[in-house]
Every structure is written in structure tokens, then in C-alpha cells.
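Structure below is work.txt: compact mmCIF, C-alpha atoms.
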```txt
# COMPACT_ATOMS: atom_id res chain seq x y z
CA MET F 1 -40.24 -48.86 13.07
CA GLU F 2 -40.80 -45.59 11.25
CA PRO F 3 -41.03 -46.10 7.48
CA ARG F 4 -38.15 -44.84 5.36
CA ASP F 5 -37.83 -44.23 1.64
CA GLU F 6 -35.31 -45.87 -0.67
CA ARG F 7 -32.63 -43.37 0.46
CA GLY F 8 -33.11 -44.26 4.09
CA LEU F 9 -34.86 -40.97 4.96
CA ASP F 10 -37.76 -40.97 7.37
CA LEU F 11 -40.79 -38.70 6.90
CA HIS F 12 -39.24 -35.92 8.98
CA CYS F 13 -36.09 -35.82 6.83
CA GLN F 14 -38.18 -36.01 3.65
CA CYS F 15 -40.01 -32.85 4.77
CA ILE F 16 -36.66 -31.09 5.29
CA LEU F 17 -35.58 -32.19 1.81
CA ASP F 18 -38.84 -30.90 0.29
CA GLU F 19 -38.31 -27.56 2.03
CA TYR F 20 -34.77 -27.41 0.62
CA ARG F 21 -36.06 -27.92 -2.92
CA GLU F 22 -38.68 -25.22 -2.45
CA MET F 23 -36.16 -22.74 -1.01
CA LEU F 24 -33.35 -23.45 -3.48
CA PRO F 25 -33.82 -20.10 -5.37
CA VAL F 26 -33.61 -18.28 -2.03
CA PHE F 27 -30.33 -20.01 -1.19
CA GLN F 28 -28.91 -19.21 -4.62
CA LYS F 29 -29.80 -15.55 -4.11
CA MET F 30 -28.16 -15.62 -0.66
CA GLN F 31 -25.01 -17.05 -2.22
CA GLU F 32 -24.94 -14.21 -4.75
CA ILE F 33 -25.47 -11.50 -2.10
CA VAL F 34 -22.84 -12.89 0.27
CA VAL F 35 -20.12 -13.12 -2.38
CA GLN F 36 -20.90 -9.65 -3.74
CA GLN F 37 -20.83 -8.05 -0.29
CA LEU F 38 -17.60 -9.77 0.72
CA ARG F 39 -15.83 -8.72 -2.48
CA GLU F 40 -17.06 -5.14 -2.23
CA CYS F 41 -16.00 -4.90 1.40
CA LEU F 42 -12.54 -6.36 0.77
CA GLY F 43 -12.05 -4.03 -2.18
CA ARG F 44 -13.13 -1.00 -0.18
CA PHE F 45 -10.45 -1.69 2.43
CA ASN F 46 -7.81 -2.82 -0.09
CA ILE F 47 -7.48 -6.29 1.43
CA LEU F 48 -6.00 -8.70 -1.09
CA VAL F 49 -7.11 -12.32 -0.69
CA THR F 50 -6.48 -15.43 -2.70
CA ALA F 51 -10.17 -16.39 -3.07
CA VAL F 52 -13.75 -15.51 -2.17
CA GLU F 53 -16.01 -18.44 -2.91
CA ALA F 54 -19.43 -19.73 -1.98
CA ARG F 55 -21.69 -22.66 -2.73
CA VAL F 56 -25.18 -23.93 -2.05
CA LYS F 57 -25.11 -27.43 -0.58
CA SER F 58 -26.06 -29.93 -3.27
CA GLU F 59 -29.03 -32.24 -2.83
CA PRO F 60 -26.88 -35.42 -2.62
CA SER F 61 -24.74 -33.75 0.05
CA LEU F 62 -27.83 -32.75 2.04
CA ILE F 63 -29.26 -36.26 1.76
CA GLY F 64 -25.99 -37.70 3.08
CA LYS F 65 -26.12 -35.35 6.05
CA LEU F 66 -29.75 -36.22 6.79
CA GLN F 67 -28.94 -39.91 6.57
CA LEU F 68 -26.27 -39.51 9.24
CA LYS F 69 -27.97 -37.15 11.70
CA GLY F 70 -31.31 -36.04 10.32
CA ARG F 71 -33.10 -36.30 13.69
CA LYS F 72 -30.79 -33.56 14.99
CA TYR F 73 -32.58 -30.96 12.86
CA ARG F 74 -36.14 -29.84 13.57
CA THR F 75 -36.43 -27.83 10.33
CA LEU F 76 -34.20 -26.86 7.42
CA ALA F 77 -33.41 -23.60 9.24
CA ASP F 78 -31.41 -25.61 11.80
CA LEU F 79 -28.87 -26.48 9.11
CA THR F 80 -26.54 -23.50 9.11
CA ASP F 81 -24.36 -24.56 6.17
CA ILE F 82 -26.88 -24.87 3.34
CA VAL F 83 -25.15 -21.75 2.03
CA GLY F 84 -21.44 -21.79 2.73
CA ALA F 85 -18.93 -19.03 1.93
CA ARG F 86 -15.18 -19.00 2.34
CA VAL F 87 -12.54 -16.27 2.27
CA ILE F 88 -8.97 -17.51 1.84
CA THR F 89 -6.30 -15.05 2.91
CA PHE F 90 -2.57 -14.89 2.30
CA TYR F 91 -1.68 -14.08 5.92
CA SER F 92 -2.99 -15.45 9.22
CA ASP F 93 -3.24 -12.00 10.81
CA GLU F 94 -5.68 -10.93 8.09
CA VAL F 95 -8.26 -13.48 9.22
CA ASP F 96 -9.21 -11.22 12.14
CA LYS F 97 -9.42 -8.17 9.87
CA ILE F 98 -11.82 -9.98 7.56
CA ALA F 99 -13.81 -11.23 10.55
CA ALA F 100 -14.21 -7.63 11.75
CA LEU F 101 -15.47 -6.61 8.33
CA ALA F 102 -17.91 -9.52 8.29
CA GLU F 103 -19.25 -8.44 11.68
CA ASP F 104 -19.96 -4.99 10.25
CA VAL F 105 -21.75 -6.37 7.20
CA PHE F 106 -23.64 -9.41 8.48
CA GLU F 107 -25.46 -10.44 11.66
CA VAL F 108 -23.19 -12.94 13.41
CA ASP F 109 -24.69 -15.73 15.50
CA ARG F 110 -22.01 -15.76 18.21
CA GLN F 111 -23.42 -18.74 20.04
CA ASN F 112 -23.01 -21.03 17.05
CA SER F 113 -19.81 -19.53 15.61
CA VAL F 114 -16.53 -21.35 16.25
CA ASP F 115 -12.94 -20.13 16.31
CA LYS F 116 -11.13 -23.35 15.50
CA ARG F 117 -7.80 -21.54 15.67
CA LYS F 118 -8.03 -21.88 19.45
CA MET F 119 -8.01 -25.66 19.20
CA HIS F 120 -4.61 -27.14 19.90
CA GLU F 121 -4.85 -30.75 18.76
CA LEU F 122 -1.69 -32.05 17.09
CA ASP F 123 -3.50 -32.50 13.78
CA SER F 124 -5.67 -29.40 13.84
CA PHE F 125 -3.70 -27.11 11.50
CA GLY F 126 -5.84 -27.61 8.39
CA TYR F 127 -9.01 -27.11 10.41
CA MET F 128 -7.99 -23.90 12.16
CA SER F 129 -10.47 -21.74 10.29
CA LEU F 130 -12.59 -19.10 11.92
CA HIS F 131 -16.22 -20.12 11.31
CA TYR F 132 -19.00 -17.56 11.59
CA ILE F 133 -22.68 -18.37 11.38
CA CYS F 134 -24.36 -15.31 9.90
CA ARG F 135 -27.58 -13.82 8.59
CA ILE F 136 -28.06 -11.20 5.89
CA PRO F 137 -29.56 -8.16 7.67
CA GLU F 138 -32.52 -6.36 6.16
CA SER F 139 -30.48 -3.17 6.13
CA LEU F 140 -28.16 -4.86 3.64
CA TYR F 141 -30.76 -6.55 1.44
CA HIS F 142 -34.50 -7.00 1.73
CA ASP F 143 -37.04 -8.49 -0.64
CA PRO F 144 -40.62 -8.47 0.73
CA ALA F 145 -41.44 -11.37 -1.58
CA HIS F 146 -38.66 -13.47 -0.02
CA PRO F 147 -38.20 -12.59 3.66
CA GLU F 148 -36.49 -15.97 4.09
CA ILE F 149 -33.30 -14.37 2.72
CA ASN F 150 -33.00 -12.59 6.05
CA GLU F 151 -34.08 -15.57 8.11
CA TYR F 152 -31.92 -18.47 6.96
CA ARG F 153 -28.36 -18.56 8.25
CA PHE F 154 -25.19 -19.24 6.30
CA GLU F 155 -21.68 -20.31 7.24
CA LEU F 156 -18.65 -18.11 6.58
CA GLN F 157 -15.20 -19.71 6.86
CA MET F 158 -12.03 -17.60 7.02
CA ARG F 159 -8.67 -19.33 6.70
CA THR F 160 -5.21 -18.91 5.20
CA ALA F 161 -4.09 -20.34 1.89
CA LEU F 162 -1.77 -22.81 3.63
CA GLN F 163 -4.55 -23.98 5.95
CA HIS F 164 -6.75 -24.44 2.89
CA VAL F 165 -4.05 -26.45 1.12
CA TRP F 166 -3.58 -28.66 4.17
CA ALA F 167 -7.30 -29.29 4.55
CA ASN F 168 -7.47 -30.35 0.90
CA ILE F 169 -4.43 -32.61 1.29
CA ASN F 170 -6.06 -34.29 4.27
CA HIS F 171 -9.25 -34.78 2.32
CA ASP F 172 -7.38 -36.13 -0.70
CA THR F 173 -5.32 -38.62 1.32
CA GLY F 174 -8.39 -39.98 3.08
CA TYR F 175 -7.17 -38.98 6.52
CA LYS F 176 -9.99 -38.47 9.05
CA THR F 177 -12.37 -40.53 6.93
CA GLY F 178 -12.31 -43.60 9.15
CA VAL F 179 -9.58 -45.30 7.13
CA GLU F 180 -6.69 -46.25 9.37
CA VAL F 181 -3.47 -44.59 8.23
CA PRO F 182 -0.18 -46.42 8.95
CA HIS F 183 1.84 -44.78 11.72
CA GLU F 184 4.77 -43.80 9.47
CA HIS F 185 2.43 -42.00 7.04
CA LEU F 186 0.54 -40.32 9.87
CA ARG F 187 3.83 -39.10 11.35
CA SER F 188 4.84 -37.63 7.97
CA LEU F 189 1.49 -35.86 7.71
CA MET F 190 1.94 -34.31 11.15
CA ARG F 191 5.48 -33.17 10.30
CA LEU F 192 4.14 -31.47 7.18
CA ALA F 193 1.39 -29.86 9.23
CA GLY F 194 4.01 -28.42 11.57
CA ILE F 195 6.06 -27.07 8.67
CA LEU F 196 3.02 -25.41 7.10
CA GLU F 197 1.89 -23.93 10.41
CA LEU F 198 5.37 -22.53 11.02
CA ALA F 199 5.43 -21.11 7.47
CA ASP F 200 2.04 -19.48 8.06
CA GLU F 201 3.34 -17.76 11.19
CA GLU F 202 6.63 -16.75 9.56
CA PHE F 203 4.94 -15.18 6.52
CA SER F 204 2.86 -13.00 8.83
CA ARG F 205 5.86 -12.11 11.00
CA LEU F 206 8.00 -11.19 8.00
CA ARG F 207 5.24 -9.05 6.52
CA ARG F 208 4.91 -7.15 9.80
CA GLN F 209 8.67 -6.57 9.90
CA ILE F 210 8.76 -5.41 6.28
CA THR F 211 5.82 -3.09 6.90
CA ASP F 212 7.57 -1.63 9.95
CA TYR F 213 10.75 -1.19 7.90
CA ARG F 214 8.90 0.62 5.13
CA ARG F 215 7.23 2.93 7.62
CA LYS F 216 10.61 3.72 9.17
CA VAL F 217 12.08 4.43 5.74
CA GLN F 218 9.17 6.66 4.77
CA GLY F 219 9.62 8.57 8.02
CA LEU F 220 13.35 9.06 7.42
CA VAL F 221 12.80 10.13 3.81
CA SER F 222 10.00 12.53 4.74
CA SER F 223 12.23 14.09 7.40
CA GLY F 224 15.11 14.49 4.95
CA ASP F 225 17.40 12.13 6.90
CA PHE F 226 18.87 10.25 3.93
CA SER F 227 22.20 9.11 5.34
CA GLU F 228 20.76 6.02 7.06
CA VAL F 229 18.58 4.99 4.15
CA ARG F 230 20.09 2.40 1.85
CA LEU F 231 19.29 2.75 -1.84
CA ASN F 232 16.92 -0.03 -2.91
CA GLY F 233 13.55 -0.47 -4.57
CA ASP F 234 11.47 0.49 -1.54
CA THR F 235 13.56 3.46 -0.50
CA PHE F 236 13.91 4.87 -4.02
CA ARG F 237 10.14 4.68 -4.47
CA SER F 238 9.65 6.55 -1.19
CA TYR F 239 12.27 9.09 -2.27
CA LEU F 240 10.52 9.74 -5.60
CA ALA F 241 7.25 10.23 -3.71
CA ILE F 242 8.63 13.45 -2.20
CA HIS F 243 9.43 14.78 -5.73
CA PRO F 244 13.14 15.44 -5.13
CA PHE F 245 13.78 16.76 -8.66
CA GLU F 246 10.69 18.97 -8.87
CA ARG F 247 12.54 22.30 -8.65
CA LEU F 248 15.11 21.28 -11.29
CA THR F 249 12.33 19.95 -13.53
CA GLY F 250 10.52 23.27 -13.29
CA ARG F 251 13.64 25.21 -14.26
CA MET F 252 14.24 22.97 -17.27
CA ALA F 253 10.61 23.17 -18.40
CA ALA F 254 10.76 26.98 -18.22
CA ILE F 255 13.50 27.05 -20.87
CA ASN F 256 10.88 26.52 -23.59
CA GLN F 257 7.75 26.89 -21.46
CA ALA F 258 7.41 23.16 -21.99
CA GLU F 259 4.86 20.75 -20.65
CA VAL F 260 6.25 18.04 -18.34
CA THR F 261 5.15 14.45 -18.96
CA PRO F 262 5.76 11.57 -16.54
CA GLY F 263 8.51 9.14 -17.45
CA PRO F 264 10.06 6.00 -15.97
CA VAL F 265 12.16 7.71 -13.29
CA TYR F 266 12.10 4.54 -11.18
CA ALA F 267 13.96 2.73 -13.98
CA TYR F 268 17.05 4.76 -13.07
CA LEU F 269 17.52 2.76 -9.86
CA PRO F 270 19.86 0.09 -11.30
CA LEU F 271 21.82 2.81 -13.12
CA LEU F 272 22.37 4.68 -9.87
CA GLN F 273 23.43 1.45 -8.16
CA ASP F 274 25.84 0.73 -11.03
CA MET F 275 27.34 4.19 -10.45
CA GLY F 276 28.19 3.09 -6.92
CA PHE F 277 25.42 4.85 -5.01
CA ARG F 278 24.59 3.02 -1.78
CA THR F 279 22.32 5.44 0.09
CA LEU F 280 19.80 8.13 -0.75
CA ALA F 281 22.34 10.58 0.64
CA ASP F 282 24.54 9.72 -2.37
CA VAL F 283 21.72 10.73 -4.73
CA GLU F 284 21.14 13.92 -2.77
CA ALA F 285 24.86 14.73 -2.91
CA MET F 286 24.85 14.32 -6.70
CA LYS F 287 21.84 16.60 -6.95
CA ALA F 288 23.47 19.25 -4.80
CA GLU F 289 26.79 19.11 -6.69
CA TYR F 290 25.57 18.87 -10.27
CA ALA F 291 22.13 20.55 -10.33
CA GLU F 292 23.37 23.77 -11.92
CA GLU F 293 25.51 21.94 -14.44
CA ALA F 294 22.58 19.65 -15.34
CA TYR F 295 20.43 22.74 -15.90
CA GLN F 296 23.08 24.36 -18.11
CA LEU F 297 23.29 21.15 -20.13
CA ALA F 298 19.52 21.29 -20.59
CA LEU F 299 19.89 24.86 -21.87
CA HIS F 300 22.23 23.58 -24.58
CA GLN F 301 19.92 20.63 -25.32
CA LEU F 302 16.69 22.63 -25.53
CA GLY F 303 17.83 26.12 -26.45
CA GLY F 304 17.23 26.95 -30.07
CA THR F 305 14.63 24.15 -30.39
CA ASP F 306 10.87 24.39 -30.32
CA LEU F 307 10.43 21.39 -28.01
CA ASP F 308 7.42 22.11 -25.83
CA ILE F 309 7.25 18.75 -24.05
CA ILE F 310 9.93 17.26 -21.80
CA SER F 311 10.00 14.13 -19.67
CA ASP F 312 10.39 14.39 -15.92
CA THR F 313 13.31 11.96 -16.30
CA LEU F 314 15.47 14.71 -17.89
CA PRO F 315 16.75 16.19 -14.59
CA LEU F 316 17.96 12.83 -13.25
CA GLN F 317 19.37 11.87 -16.64
CA ASN F 318 21.38 15.08 -16.88
CA LEU F 319 22.54 14.80 -13.27
CA CYS F 320 23.90 11.30 -13.98
CA VAL F 321 25.49 12.42 -17.26
CA CYS F 322 27.25 15.34 -15.60
CA ARG F 323 28.56 13.16 -12.80
CA LEU F 324 29.76 10.45 -15.19
CA LEU F 325 31.58 12.93 -17.42
CA ALA F 326 33.03 14.81 -14.45
CA HIS F 327 34.48 11.47 -13.30
CA GLY F 328 36.14 10.85 -16.66
CA ALA F 329 33.59 8.65 -18.45
CA GLY F 330 34.18 8.18 -22.16
CA GLU F 331 31.92 7.50 -25.13
CA LEU F 332 31.54 3.78 -24.42
CA GLU F 333 30.64 4.26 -20.78
CA LEU F 334 28.17 7.02 -21.61
CA ALA F 335 26.67 4.89 -24.41
CA ARG F 336 26.18 2.04 -21.91
CA PHE F 337 24.40 4.49 -19.62
CA PHE F 338 22.02 5.52 -22.41
CA GLU F 339 21.48 1.86 -23.24
CA GLY F 340 20.31 1.43 -19.63
CA VAL F 341 17.98 4.39 -20.13
CA ASN F 342 16.67 3.64 -23.62
CA GLY F 343 17.31 -0.05 -24.06
CA PRO F 344 19.62 -1.54 -26.71
CA GLY F 345 19.69 0.31 -30.02
CA PRO F 346 21.93 1.95 -32.61
CA TYR F 347 21.21 5.46 -31.35
CA ASN F 348 22.85 5.21 -27.93
CA MET F 349 26.37 5.84 -29.21
CA ALA F 350 25.15 8.78 -31.29
CA GLN F 351 23.38 10.21 -28.23
CA ALA F 352 26.53 9.74 -26.18
CA ARG F 353 28.67 11.61 -28.73
CA ARG F 354 26.14 14.41 -29.07
CA THR F 355 25.84 14.78 -25.29
CA MET F 356 29.61 14.82 -24.86
CA ALA F 357 29.87 17.57 -27.49
CA LEU F 358 27.23 19.65 -25.67
CA TYR F 359 28.99 19.06 -22.35
CA ALA F 360 32.33 20.12 -23.86
CA SER F 361 30.67 23.21 -25.33
CA LEU F 362 29.23 24.03 -21.92
CA HIS F 363 32.67 23.92 -20.32
CA SER F 364 34.39 25.81 -23.14
CA ASN F 365 31.91 28.63 -22.65
CA LYS F 366 32.79 28.68 -18.96
CA SER F 367 36.47 28.99 -19.73
```

With the file now loaded, output its structure as C-alpha cells.
Amino acid sequence: MEPRDERGLDLHCQCILDEYREMLPVFQKMQEIVVQQLRECLGRFNILVTAVEARVKSEPSLIGKLQLKGRKYRTLADLTDIVGARVITFYSDEVDKIAALAEDVFEVDRQNSVDKRKMHELDSFGYMSLHYICRIPESLYHDPAHPEINEYRFELQMRTALQHVWANINHDTGYKTGVEVPHEHLRSLMRLAGILELADEEFSRLRRQITDYRRKVQGLVSSGDFSEVRLNGDTFRSYLAIHPFERLTGRMAAINQAEVTPGPVYAYLPLLQDMGFRTLADVEAMKAEYAEEAYQLALHQLGGTDLDIISDTLPLQNLCVCRLLAHGAGELELARFFEGVNGPGPYNMAQARRTMALYASLHSNKS
């Protein structure tokens, strides 16, 4: 019988362990390079993930693996998971995007890579990661003193957050560790797996539908077809992106040759909704009906002052004011509007009274 040390390792496995200890700095450098490249690549393509992590297999973990199946490995290079990296995504359809990026950055060993998502066992949900076995190409990083960095392989796992949670739950409960789980508990685990898998699919489906909806809205807004576009956070943001008040802003700025500074125009959304606006066409109708009056109000507000800076919220504010007053709003209603604009404070009533006086002056001049 071949002699073994106190850990149960034969001479062959001891040599692999010695090689691991010698190469540990190389593996740590590989870990650093892999994480850096993955994060840079994800950032470059604006892919948001929940985690990018990596580890070098610890010596006790390696010893345990050698104890179980050390004769399977001729050299340390046959162990492809000494360095392991993992990217955890929010959505299942992003796994393939990240895989495509990994293929561009690293050399993928197709023969030893596994797409566990194609497995259809009843209890496979938490193990449905896409596993790539990769190398760091010399074109990405090369150190003549340590060519092993380009020779040793590493494992890259790509999975969703829910798959990751399920895998950890399985590990924590002891399932798949050889401990027999009572049937009723096993059935509950499988039911939970089904719920999580369904949730994973639904999150991706809903995101696709929301993305399609936003693209449709952007197309309608860009084309000027506002009648079918309901007024909400997404549509109002798309509407503001086409600068609908730009011409009116320019006219108001020209009163005093003022500089225009950006303001919280988006914050007017709940105010518009409170005024009963339901579509972007309602906002456009207000602009068309009250643009000249809003400009004349600005003349009264700015004329005779030396204000040389105005906010780009002024056009929308004056449009709303003119519409409210034209529809019979009083001091209290106008003060509540300014409270929505400015936040609570003692000056809103004073601003409402001053604005009403300017508006009345504007209309007395007309008469």
C-alpha cells in the first residue's frame, strides 16, 4: 500500500499540494486580474450586477478535494477551480450577455465549460449557473517572470441572485450533503425552488415588457404624438428630454439677457397630476394656450429688476400659474401650488399674493 501522510495524502497528492503553495502568489494575482477585468467590462457596457467576487481555494479546501479524488489530477493545472470567480446578476437574461463579454476578454475552454441551465432535474434550480473554464490571455496581461498566469485556468460562474440565494439555502440546510432529508421537508424545498425559478423568469419577462413600453413611449414622444401617452414618471422624463419649454425659456431669459440654470423641472410631475392632467397632450395643450400669457407674466416679474439668472423651471411654473388663475384659483390654492414647488414655508402665501397682483396687473393692462 502506498504510504500516506497524517492527512491521508499519498506522495502524488503531496506534490500537488507543494505546487499549490509555491504558486499561491500567482493565483492571488490571477484573482486580482479577473475581478478587475470583469468590473471594468461590466462598467463599460453599463451592466448592473449584484456582485462580482472571486477567491483562491484555501489549503484546507484543496486538501479535502485531494483526499476525495486526488488520483484524478495529474498536476495542479488539472484543477480548474483553484481560482474561482462569480458574477451574480439581477436578471436571468443578463447571464448570456455577461458570458459574451467574458468570451471577448478571456480564453474560454469550451470542452470543460458547463451550462448547467440546460439541466432539467427537479432540484436543479440553485445549480443552474453557467460555468466557464477560462485562461487569462497574454494580450490582456503578461508578466515574463510569471508565465503561469496565462497557463493556469480558472472557473467563472454566472448566475442570478435568486439562484445564488437558493444554492446558499441548500448548502445551509444540509441538502445534497448525504444527510437524508424527510420527505415533507424535501417537498417544501422543491416547492420553494419552483417559486424562485418562476420569479426569476417573471422578473426578466417584466423587465423586457417595461423596456419595450419605454421604447414605445420614447418613439411617440419623439414623433410628437402625445395623445396616447399617459402622464407618469417615465413619460414625463422622456417628454423633458425633448426640451418642450426651450423656446419659452429663451424668450424669458432674453428679458434681462439672463443666464439659465437647471432646476427641478421633473418635480412638477405631481403638481401637473394634481391639476388633472392625464396625458402629455394635456401638458402640450396648456403650453399652447398659456405660453404668451406666461411670457407676459415673466415680463412683469423680471422687468425693472437686474436679475441675470433664471431657472429653467420658470416657464412651466408660469404656465401652471396662468392656468390655475384662469380657472378661478384663489390665494389658498395658489399658495398650495407654491408649497408643492418650494416645500412648506411662510413665504408661499406671500408669493401667491404677489403673483396674483402681477397677474391682475397683466390683465388690467390688456383691458

Give as an NGL selection string every residue, naming chains and numbers as the document does, that has an atom within 8 Å of (6.3, 15.7, -19.5), counting only C-alpha atoms.
:F and (258-263 or 309-312)

Expected file: the selected residues, C-alpha atoms, as a short mmCIF file (atom, residue, chain, number, x, y, z; two decimals), in the frame of the given file:
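Wrote selection.cif, looks like this:
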```cif
data_model
loop_
_atom_site.label_atom_id
_atom_site.label_comp_id
_atom_site.auth_asym_id
_atom_site.auth_seq_id
_atom_site.Cartn_x
_atom_site.Cartn_y
_atom_site.Cartn_z
CA ALA F 258 7.41 23.16 -21.99
CA GLU F 259 4.86 20.75 -20.65
CA VAL F 260 6.25 18.04 -18.34
CA THR F 261 5.15 14.45 -18.96
CA PRO F 262 5.76 11.57 -16.54
CA GLY F 263 8.51 9.14 -17.45
CA ILE F 309 7.25 18.75 -24.05
CA ILE F 310 9.93 17.26 -21.80
CA SER F 311 10.00 14.13 -19.67
CA ASP F 312 10.39 14.39 -15.92
#
```

At what distance in Å, to one decimal, does atom CA of F:Ile98 lie from atom CA of F:Asp200?
16.8 Å

Gap from atom CA of F:Asp5 to atom CA of F:Ser58 - Å, one decimal
19.2 Å

Who sits within 10 Å of F:Glu59, only C-alpha atoms, same chain under 4 positions skipped, as a count of residues only:
8

Using only C-alpha atoms, which protein or nucleic acid residues come within 7 Å of F:Arg135? Drop anything in the same chain fewer than 5 positions from it, and give the result as a PDB file with C-alpha atoms, keeping the file's coordinate frame.
```pdb
ATOM      1  CA  PHE F 106     -23.640  -9.410   8.480  1.00  0.00           C
ATOM      2  CA  GLU F 107     -25.460 -10.440  11.660  1.00  0.00           C
ATOM      3  CA  VAL F 108     -23.190 -12.940  13.410  1.00  0.00           C
ATOM      4  CA  ASN F 150     -33.000 -12.590   6.050  1.00  0.00           C
ATOM      5  CA  GLU F 151     -34.080 -15.570   8.110  1.00  0.00           C
ATOM      6  CA  TYR F 152     -31.920 -18.470   6.960  1.00  0.00           C
ATOM      7  CA  ARG F 153     -28.360 -18.560   8.250  1.00  0.00           C
ATOM      8  CA  PHE F 154     -25.190 -19.240   6.300  1.00  0.00           C
TER       9      PHE F 154
END
```

Could you check how far atom CA of F:Phe337 sits from atom CA of F:Leu271, in Å to one decimal?
7.2 Å

Looking at all atoms listed in the file, which of F:Pro3, F:Pro315, F:Gly330, F:Pro147 is the one that sits closest to F:Thr249?
F:Pro315

Find the spatial neighbours of F:Val83, counting all atoms listed in the file, within a cut-off of 7 Å - ignore same-chain residues fewer than 3 positions away - and output them as a list in words.
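Once the adjacent positions are removed, what remains is Phe27, Gln31, Arg55, Val56, Lys57, Phe154 and Glu155 of chain F.
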
Pick out the closest residue to F:Leu220 from this set: F:Gly233, F:Phe90, F:Ala161, F:Ala281. Count all atoms listed in the file.
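For F:Leu220, the nearest of the given residues is F:Ala281.
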
Looking at F:Val95, F:Leu334, F:Leu314, F:Met190, which one is nearest to F:Ser204, with distances taken over only C-alpha atoms?
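That would be F:Val95, the residue with the smallest distance to F:Ser204.
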
For F:Asp104, find every residue with an atom within 12 Å (counting only C-alpha atoms), except residues of its own chain fewer than 2 positions away, and show them as a compact mmCIF listing (two decimals) with C-alpha atoms, keeping the file's coordinate frame.
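That gives us selection.txt:
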```txt
# COMPACT_ATOMS: atom_id res chain seq x y z
CA GLN F 37 -20.83 -8.05 -0.29
CA LEU F 38 -17.60 -9.77 0.72
CA CYS F 41 -16.00 -4.90 1.40
CA LYS F 97 -9.42 -8.17 9.87
CA ILE F 98 -11.82 -9.98 7.56
CA ALA F 99 -13.81 -11.23 10.55
CA ALA F 100 -14.21 -7.63 11.75
CA LEU F 101 -15.47 -6.61 8.33
CA ALA F 102 -17.91 -9.52 8.29
CA PHE F 106 -23.64 -9.41 8.48
CA GLU F 107 -25.46 -10.44 11.66
CA VAL F 108 -23.19 -12.94 13.41
CA CYS F 134 -24.36 -15.31 9.90
CA ARG F 135 -27.58 -13.82 8.59
CA ILE F 136 -28.06 -11.20 5.89
CA PRO F 137 -29.56 -8.16 7.67
CA SER F 139 -30.48 -3.17 6.13
CA LEU F 140 -28.16 -4.86 3.64
```

Who sits within 12 Å of F:Asp115, only C-alpha atoms, same chain under 5 positions skipped, as a PyMOL selection string:
chain F and resi 95-96+99+110+120+127-133+156-159

Which residue of F:Arg4, F:Leu332, F:Arg86, F:Cys13 approaches F:Val35 most closely, using only C-alpha atoms
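Distance minimum relative to F:Val35 lands on F:Arg86.
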
Show me the residues close to (-7.8, -17.0, -1.7) - anything with an atom within 7 Å, counting only C-alpha atoms - and format the list as a CSV table (one decimal) with C-alpha atoms, keeping the file's coordinate frame.
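As written to disk, selection.csv reads:
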```csv
chain,number,residue,atom,x,y,z
F,49,VAL,CA,-7.1,-12.3,-0.7
F,50,THR,CA,-6.5,-15.4,-2.7
F,51,ALA,CA,-10.2,-16.4,-3.1
F,52,VAL,CA,-13.8,-15.5,-2.2
F,87,VAL,CA,-12.5,-16.3,2.3
F,88,ILE,CA,-9.0,-17.5,1.8
F,89,THR,CA,-6.3,-15.0,2.9
F,90,PHE,CA,-2.6,-14.9,2.3
F,161,ALA,CA,-4.1,-20.3,1.9
```

Could you tell me which of F:Asp306, F:Glu32, F:Asp234, F:Asp18 comes closest to F:Asn256 if we count all atoms listed in the file?
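Comparing F:Asp306, F:Glu32, F:Asp234, F:Asp18 against F:Asn256, the winner is F:Asp306.
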
From the set F:Ser223, F:Tyr268, F:Asp109, F:Ile255, which residue has the shortest atom-to-atom contact distance to F:Gly343, counting all atoms listed in the file?
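Nearest to F:Gly343: F:Tyr268.
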